[in-house]
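Shown here: data_30.txt, compact mmCIF, C-alpha atoms.
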# COMPACT_ATOMS: atom_id res chain seq x y z
CA MET A 117 29.87 19.78 -2.05
CA GLY A 118 30.25 18.19 1.40
CA PRO A 119 27.52 16.26 3.19
CA GLN A 120 26.51 19.18 5.44
CA ASP A 121 26.44 21.95 2.82
CA ALA A 122 22.96 21.48 1.39
CA ALA A 123 21.45 20.88 4.83
CA ALA A 124 23.12 24.10 6.01
CA GLN A 125 21.40 26.10 3.27
CA GLY A 126 18.41 26.53 5.57
CA GLY A 127 15.75 24.17 4.32
CA ALA A 128 15.12 25.49 0.80
CA VAL A 129 14.07 22.50 -1.32
CA PRO A 130 15.93 22.16 -4.63
CA ALA A 131 13.60 22.52 -7.65
CA GLU A 132 14.05 18.95 -8.86
CA LEU A 133 13.32 17.56 -5.40
CA ALA A 134 10.14 19.68 -5.21
CA ARG A 135 9.09 18.40 -8.64
CA LEU A 136 9.67 14.76 -7.67
CA ARG A 137 7.78 15.24 -4.40
CA SER A 138 4.83 16.66 -6.31
CA SER A 139 4.72 13.44 -8.39
CA ILE A 140 4.93 11.36 -5.20
CA ASP A 141 2.02 13.33 -3.71
CA ASN A 142 -0.07 12.72 -6.83
CA MET A 143 0.67 9.00 -6.70
CA ASP A 144 -0.09 8.83 -2.97
CA ALA A 145 -3.49 10.44 -3.57
CA ALA A 146 -4.14 7.82 -6.26
CA LEU A 147 -2.99 5.02 -3.93
CA VAL A 148 -5.28 6.23 -1.12
CA HIS A 149 -8.28 6.40 -3.44
CA LEU A 150 -7.53 2.99 -4.90
CA LEU A 151 -7.16 1.52 -1.40
CA ALA A 152 -10.46 3.17 -0.39
CA GLU A 153 -12.15 1.50 -3.36
CA ARG A 154 -10.45 -1.84 -2.58
CA PHE A 155 -11.81 -1.75 0.97
CA LYS A 156 -15.29 -0.96 -0.35
CA VAL A 157 -15.11 -4.17 -2.37
CA THR A 158 -13.60 -6.26 0.45
CA GLN A 159 -16.31 -4.88 2.77
CA ARG A 160 -18.85 -6.38 0.37
CA VAL A 161 -16.82 -9.62 0.29
CA GLY A 162 -16.92 -9.70 4.09
CA GLU A 163 -20.69 -9.28 4.19
CA LEU A 164 -21.10 -11.95 1.53
CA LYS A 165 -18.80 -14.38 3.36
CA ALA A 166 -20.55 -13.74 6.68
CA GLY A 167 -23.93 -14.35 5.02
CA LEU A 168 -22.71 -17.59 3.44
CA GLY A 169 -20.93 -18.78 6.59
CA LEU A 170 -17.54 -18.70 4.87
CA PRO A 171 -14.46 -18.04 7.07
CA PRO A 172 -13.00 -14.48 6.95
CA ALA A 173 -9.53 -15.63 5.85
CA ASP A 174 -8.90 -17.81 2.77
CA PRO A 175 -5.30 -19.12 2.73
CA VAL A 176 -5.63 -20.74 -0.73
CA ARG A 177 -6.87 -17.50 -2.31
CA GLU A 178 -4.14 -15.53 -0.48
CA GLN A 179 -1.38 -17.80 -1.80
CA ALA A 180 -2.66 -17.32 -5.36
CA GLN A 181 -2.79 -13.54 -4.84
CA ILE A 182 0.78 -13.48 -3.50
CA ALA A 183 2.13 -15.51 -6.44
CA ARG A 184 0.34 -13.29 -8.96
CA LEU A 185 1.44 -10.03 -7.35
CA ARG A 186 5.06 -11.18 -7.07
CA ALA A 187 5.04 -11.91 -10.82
CA LEU A 188 3.44 -8.53 -11.62
CA ALA A 189 5.98 -6.82 -9.35
CA GLU A 190 8.89 -8.45 -11.16
CA ASP A 191 7.54 -7.26 -14.51
CA ALA A 192 7.21 -3.73 -13.09
CA HIS A 193 10.70 -3.81 -11.51
CA LEU A 194 9.26 -3.66 -7.99
CA ASP A 195 10.89 -5.83 -5.32
CA PRO A 196 8.64 -8.95 -5.14
CA GLU A 197 9.38 -9.22 -1.41
CA PHE A 198 7.96 -5.74 -0.94
CA ALA A 199 4.89 -6.58 -3.05
CA GLU A 200 4.26 -9.62 -0.85
CA LYS A 201 4.72 -7.60 2.36
CA PHE A 202 2.35 -4.98 0.96
CA LEU A 203 -0.35 -7.54 0.19
CA ASN A 204 0.04 -9.11 3.64
CA PHE A 205 -0.28 -5.65 5.17
CA VAL A 206 -3.51 -4.94 3.29
CA VAL A 207 -4.97 -8.44 3.78
CA ALA A 208 -4.33 -8.25 7.55
CA GLU A 209 -6.49 -5.14 7.64
CA VAL A 210 -9.16 -6.80 5.49
CA VAL A 211 -9.30 -9.90 7.73
CA ARG A 212 -9.64 -7.59 10.74
CA HIS A 213 -12.64 -5.96 9.02
CA HIS A 214 -14.16 -9.33 8.12
CA GLU A 215 -13.83 -10.59 11.70
CA ALA A 216 -15.55 -7.41 12.91
CA ILE A 217 -18.41 -8.01 10.46
CA ARG A 218 -18.73 -11.63 11.60
CA ASP A 219 -18.57 -10.70 15.30
CA ALA A 220 -21.24 -8.02 14.79
CA ARG A 221 -23.53 -10.74 13.43
CA ASP A 222 -22.89 -13.24 16.24
CA MET B 139 -27.81 -21.37 6.49
CA GLY B 140 -25.41 -22.34 9.29
CA PRO B 141 -21.75 -21.32 9.44
CA GLN B 142 -20.44 -24.63 8.06
CA ASP B 143 -22.90 -25.13 5.18
CA ALA B 144 -21.24 -23.03 2.47
CA ALA B 145 -17.78 -24.23 3.46
CA ALA B 146 -19.09 -27.79 3.22
CA GLN B 147 -20.19 -27.23 -0.40
CA GLY B 148 -16.68 -28.16 -1.46
CA GLY B 149 -14.90 -24.95 -2.39
CA ALA B 150 -17.05 -23.67 -5.29
CA VAL B 151 -16.86 -19.88 -5.23
CA PRO B 152 -20.23 -18.11 -5.46
CA ALA B 153 -20.55 -15.98 -8.62
CA GLU B 154 -20.73 -12.66 -6.79
CA LEU B 155 -17.65 -13.50 -4.72
CA ALA B 156 -15.75 -14.39 -7.93
CA ARG B 157 -16.82 -11.09 -9.50
CA LEU B 158 -15.71 -9.07 -6.47
CA ARG B 159 -12.38 -10.92 -6.36
CA SER B 160 -11.79 -10.09 -10.02
CA SER B 161 -12.20 -6.38 -9.16
CA ILE B 162 -9.81 -6.76 -6.23
CA ASP B 163 -7.25 -8.42 -8.53
CA ASN B 164 -7.53 -5.54 -11.01
CA MET B 165 -7.03 -2.99 -8.26
CA ASP B 166 -4.08 -4.92 -6.82
CA ALA B 167 -2.40 -4.90 -10.23
CA ALA B 168 -2.94 -1.12 -10.38
CA LEU B 169 -1.59 -0.71 -6.84
CA VAL B 170 1.54 -2.73 -7.62
CA HIS B 171 2.23 -0.71 -10.77
CA LEU B 172 1.63 2.57 -8.95
CA LEU B 173 3.95 1.50 -6.14
CA ALA B 174 6.58 0.49 -8.71
CA GLU B 175 6.36 3.95 -10.25
CA ARG B 176 6.47 5.60 -6.79
CA PHE B 177 9.69 3.73 -5.95
CA LYS B 178 11.18 4.81 -9.28
CA VAL B 179 10.59 8.42 -8.23
CA THR B 180 11.81 7.94 -4.65
CA GLN B 181 14.90 6.20 -6.04
CA ARG B 182 15.64 9.43 -7.94
CA VAL B 183 14.91 11.41 -4.75
CA GLY B 184 17.41 9.21 -2.89
CA GLU B 185 20.11 9.79 -5.48
CA LEU B 186 19.42 13.53 -5.45
CA LYS B 187 19.52 13.69 -1.64
CA ALA B 188 22.73 11.67 -1.50
CA GLY B 189 24.31 13.97 -4.07
CA LEU B 190 23.24 17.07 -2.13
CA GLY B 191 24.23 15.64 1.24
CA LEU B 192 20.64 15.74 2.50
CA PRO B 193 19.62 13.14 5.13
CA PRO B 194 17.56 10.12 3.87
CA ALA B 195 14.63 10.80 6.21
CA ASP B 196 12.78 14.12 6.40
CA PRO B 197 10.44 14.23 9.44
CA VAL B 198 8.89 17.62 8.51
CA ARG B 199 7.99 16.41 5.02
CA GLU B 200 6.67 13.13 6.46
CA GLN B 201 4.39 14.94 8.92
CA ALA B 202 2.94 17.03 6.07
CA GLN B 203 2.40 13.87 3.98
CA ILE B 204 0.63 12.12 6.86
CA ALA B 205 -1.70 15.07 7.51
CA ARG B 206 -2.55 15.36 3.80
CA LEU B 207 -3.17 11.63 3.32
CA ARG B 208 -5.34 11.42 6.44
CA ALA B 209 -7.51 14.24 5.04
CA LEU B 210 -7.70 12.55 1.61
CA ALA B 211 -8.57 9.25 3.30
CA GLU B 212 -11.43 10.83 5.23
CA ASP B 213 -12.86 12.28 2.02
CA ALA B 214 -12.61 8.84 0.39
CA HIS B 215 -14.15 7.05 3.43
CA LEU B 216 -10.92 5.19 4.14
CA ASP B 217 -9.86 4.82 7.78
CA PRO B 218 -7.32 7.66 8.31
CA GLU B 219 -5.42 5.45 10.77
CA PHE B 220 -4.96 2.89 8.02
CA ALA B 221 -3.84 5.58 5.55
CA GLU B 222 -1.22 6.72 8.05
CA LYS B 223 -0.05 3.15 8.71
CA PHE B 224 0.14 2.61 4.95
CA LEU B 225 2.29 5.70 4.41
CA ASN B 226 4.58 4.72 7.29
CA PHE B 227 4.89 1.25 5.75
CA VAL B 228 5.90 2.66 2.35
CA VAL B 229 8.16 5.40 3.78
CA ALA B 230 10.03 2.84 5.92
CA GLU B 231 10.88 0.97 2.71
CA VAL B 232 11.91 4.20 0.97
CA VAL B 233 14.21 5.25 3.83
CA ARG B 234 15.77 1.78 3.71
CA HIS B 235 16.46 2.32 -0.02
CA HIS B 236 17.87 5.82 0.62
CA GLU B 237 20.20 4.53 3.32
CA ALA B 238 21.41 1.85 0.93
CA ILE B 239 22.10 4.51 -1.74
CA ARG B 240 23.98 6.64 0.80
CA ASP B 241 25.96 3.68 2.15
CA ALA B 242 26.90 2.62 -1.39
CA ARG B 243 28.42 6.09 -1.89
CA ASP B 244 30.34 6.17 1.41
Give the structure from the file, written as structure tokens.
Amino acid sequence: MGPQDAAAQGGAVPAELARLRSSIDNMDAALVHLLAERFKVTQRVGELKAGLGLPPADPVREQAQIARLRALAEDAHLDPEFAEKFLNFVVAEVVRHHEAIRDARD
Amino acid sequence: MGPQDAAAQGGAVPAELARLRSSIDNMDAALVHLLAERFKVTQRVGELKAGLGLPPADPVREQAQIARLRALAEDAHLDPEFAEKFLNFVVAEVVRHHEAIRDARD
């Protein structure tokens, strides 16, 4: 079958592709709920840090998190570079929240 | 307590902060394993698409995923903008994998 044939069939999704997408959708719902819960906890961390006068970002903690997640990623056959980028992506959002909490108190 | 006082206490982590960080670490391990599983499935999607001659990216599917995840995020009290950015971040990595699969076959 040539590269254009399936695309020319008019958009019907093959059964296996539909099945795989359904699994992806389930995992994405789980990821969103887990991220929602993670931000609930980091929100509490932000309030605690603001109350204690601790800075929003913590480079030592972040380095330890990166090293741990890279090791977990390797065990799970996930690209460690991607795991690190993912953590940086989430932490950037968290630090943004923490700065907002701190600024609201100033 | 002033902004510098806790920081000046020499790096001891308050008990509640340590407890919250332990929960974050548990959730991060779950996130990494879920992402690893998601990439296993999208790897299979990439192989299937390459075999069928379907393009790596699918804008119609991606729009449906974004709308669904934004709605799930709102229900879970997660910023829908962040949920969308998160999906775009993951999908960008997936498309990169799919292009690599396609290029390896060319």
After fitting chain B to chain A over every Cα pair taken in order, the RMSD: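 Here the C-alpha RMSD works out to 0.1 Å.
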message: Need the shell around stretch 167-177 of chain B: protein/DNA/RNA residues with any atom at most 9 Å away, counting all atoms listed in the file. Skip same-chain ones fewer than 3 positions apart. Format as a PyMOL selection string?
response: (chain A and resi 139-140+143-144+146-147+150-151+184-185+188-189+192-195+199+202) or (chain B and resi 162-164+180-182+228+232)
(message) Could you check the closest approach to chain B for each of A:Val129, A:Lys201, A:Val211, A:Gly169 and tell me which residue wins, using all atoms listed in the file?
(response)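 Smallest distance to chain B is found for A:Gly169.
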Chain A proximity check over B:Ala242, B:Ile204, B:Ala230, B:Leu190, using only C-alpha atoms: winner is B:Leu190
Students should find that atom CA of B:Asp244 and atom CA of B:Glu200 are spaced 25.2 Å
Å distance separating atom CA of A:Leu133 from atom CA of B:Asn226, one decimal place: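 It comes out at 20.1 Å.
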Practice problem: Record the distance separating atom CA of A:Glu132 and atom CA of B:Val183, expressed in Å with one decimal. | Solution: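 We find that atom CA of A:Glu132 and atom CA of B:Val183 lie 8.6 Å from each other.
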*Pick out the residues sitting within 7 Å of B:Pro194, and hand them over as an NGL selection string; count all atoms listed in the file, and ignore anything fewer than 5 positions along from it in its own chain.*
:B and (184 or 187 or 233 or 236-237)
Taking the partial coordinates given, rebuild stretch 140-174 of chain A to contain N, CA and C atoms; return it as a compact mmCIF listing (two decimals), in the coordinates of the input.
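Below you can see part_1.txt, which holds the result:
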# COMPACT_ATOMS: atom_id res chain seq x y z
N ILE A 140 5.20 12.31 -6.28
CA ILE A 140 4.93 11.36 -5.20
C ILE A 140 3.57 11.66 -4.56
N ASP A 141 3.30 12.95 -4.32
CA ASP A 141 2.02 13.33 -3.71
C ASP A 141 0.84 12.94 -4.60
N ASN A 142 1.00 13.13 -5.92
CA ASN A 142 -0.07 12.72 -6.83
C ASN A 142 -0.30 11.22 -6.76
N MET A 143 0.81 10.45 -6.75
CA MET A 143 0.67 9.00 -6.70
C MET A 143 0.08 8.54 -5.37
N ASP A 144 0.47 9.21 -4.28
CA ASP A 144 -0.09 8.83 -2.97
C ASP A 144 -1.59 9.09 -2.92
N ALA A 145 -2.04 10.19 -3.53
CA ALA A 145 -3.49 10.44 -3.57
C ALA A 145 -4.18 9.33 -4.35
N ALA A 146 -3.57 8.92 -5.47
CA ALA A 146 -4.14 7.82 -6.26
C ALA A 146 -4.16 6.52 -5.46
N LEU A 147 -3.07 6.24 -4.75
CA LEU A 147 -2.99 5.02 -3.93
C LEU A 147 -4.08 5.01 -2.86
N VAL A 148 -4.26 6.16 -2.18
CA VAL A 148 -5.28 6.23 -1.12
C VAL A 148 -6.67 6.00 -1.70
N HIS A 149 -6.95 6.59 -2.85
CA HIS A 149 -8.28 6.40 -3.44
C HIS A 149 -8.48 4.98 -3.92
N LEU A 150 -7.43 4.38 -4.45
CA LEU A 150 -7.53 2.99 -4.90
C LEU A 150 -7.72 2.06 -3.69
N LEU A 151 -6.99 2.32 -2.61
CA LEU A 151 -7.16 1.52 -1.40
C LEU A 151 -8.57 1.69 -0.84
N ALA A 152 -9.10 2.92 -0.88
CA ALA A 152 -10.46 3.17 -0.39
C ALA A 152 -11.45 2.32 -1.19
N GLU A 153 -11.26 2.29 -2.51
CA GLU A 153 -12.15 1.50 -3.36
C GLU A 153 -11.96 0.01 -3.09
N ARG A 154 -10.71 -0.43 -2.89
CA ARG A 154 -10.45 -1.84 -2.58
C ARG A 154 -11.17 -2.26 -1.30
N PHE A 155 -11.14 -1.39 -0.28
CA PHE A 155 -11.81 -1.75 0.97
C PHE A 155 -13.33 -1.73 0.82
N LYS A 156 -13.85 -0.90 -0.08
CA LYS A 156 -15.29 -0.96 -0.35
C LYS A 156 -15.65 -2.34 -0.89
N VAL A 157 -14.82 -2.85 -1.78
CA VAL A 157 -15.11 -4.17 -2.37
C VAL A 157 -14.90 -5.28 -1.33
N THR A 158 -13.83 -5.19 -0.54
CA THR A 158 -13.60 -6.26 0.45
C THR A 158 -14.66 -6.19 1.56
N GLN A 159 -15.19 -4.99 1.82
CA GLN A 159 -16.31 -4.88 2.77
C GLN A 159 -17.49 -5.72 2.28
N ARG A 160 -17.77 -5.60 0.98
CA ARG A 160 -18.85 -6.38 0.37
C ARG A 160 -18.52 -7.87 0.43
N VAL A 161 -17.25 -8.22 0.18
CA VAL A 161 -16.82 -9.62 0.29
C VAL A 161 -17.06 -10.13 1.70
N GLY A 162 -16.74 -9.30 2.69
CA GLY A 162 -16.92 -9.70 4.09
C GLY A 162 -18.37 -9.96 4.43
N GLU A 163 -19.25 -9.08 3.93
CA GLU A 163 -20.69 -9.28 4.19
C GLU A 163 -21.19 -10.56 3.52
N LEU A 164 -20.71 -10.76 2.28
CA LEU A 164 -21.10 -11.95 1.53
C LEU A 164 -20.63 -13.22 2.24
N LYS A 165 -19.35 -13.21 2.67
CA LYS A 165 -18.80 -14.38 3.36
C LYS A 165 -19.54 -14.64 4.66
N ALA A 166 -19.83 -13.57 5.41
CA ALA A 166 -20.55 -13.74 6.68
C ALA A 166 -21.92 -14.33 6.42
N GLY A 167 -22.59 -13.85 5.36
CA GLY A 167 -23.93 -14.35 5.02
C GLY A 167 -23.91 -15.80 4.60
N LEU A 168 -22.83 -16.22 3.94
CA LEU A 168 -22.71 -17.59 3.44
C LEU A 168 -22.07 -18.53 4.46
N GLY A 169 -21.60 -17.95 5.59
CA GLY A 169 -20.93 -18.78 6.59
C GLY A 169 -19.53 -19.19 6.18
N LEU A 170 -18.92 -18.42 5.27
CA LEU A 170 -17.54 -18.70 4.87
C LEU A 170 -16.58 -18.03 5.86
N PRO A 171 -15.41 -18.64 6.11
CA PRO A 171 -14.46 -18.04 7.07
C PRO A 171 -13.89 -16.73 6.52
N PRO A 172 -13.53 -15.77 7.40
CA PRO A 172 -13.00 -14.48 6.95
C PRO A 172 -11.72 -14.62 6.13
N ALA A 173 -10.79 -15.48 6.57
CA ALA A 173 -9.53 -15.63 5.85
C ALA A 173 -9.64 -16.81 4.89
N ASP A 174 -8.88 -16.76 3.78
CA ASP A 174 -8.90 -17.81 2.77
C ASP A 174 -7.46 -18.04 2.30
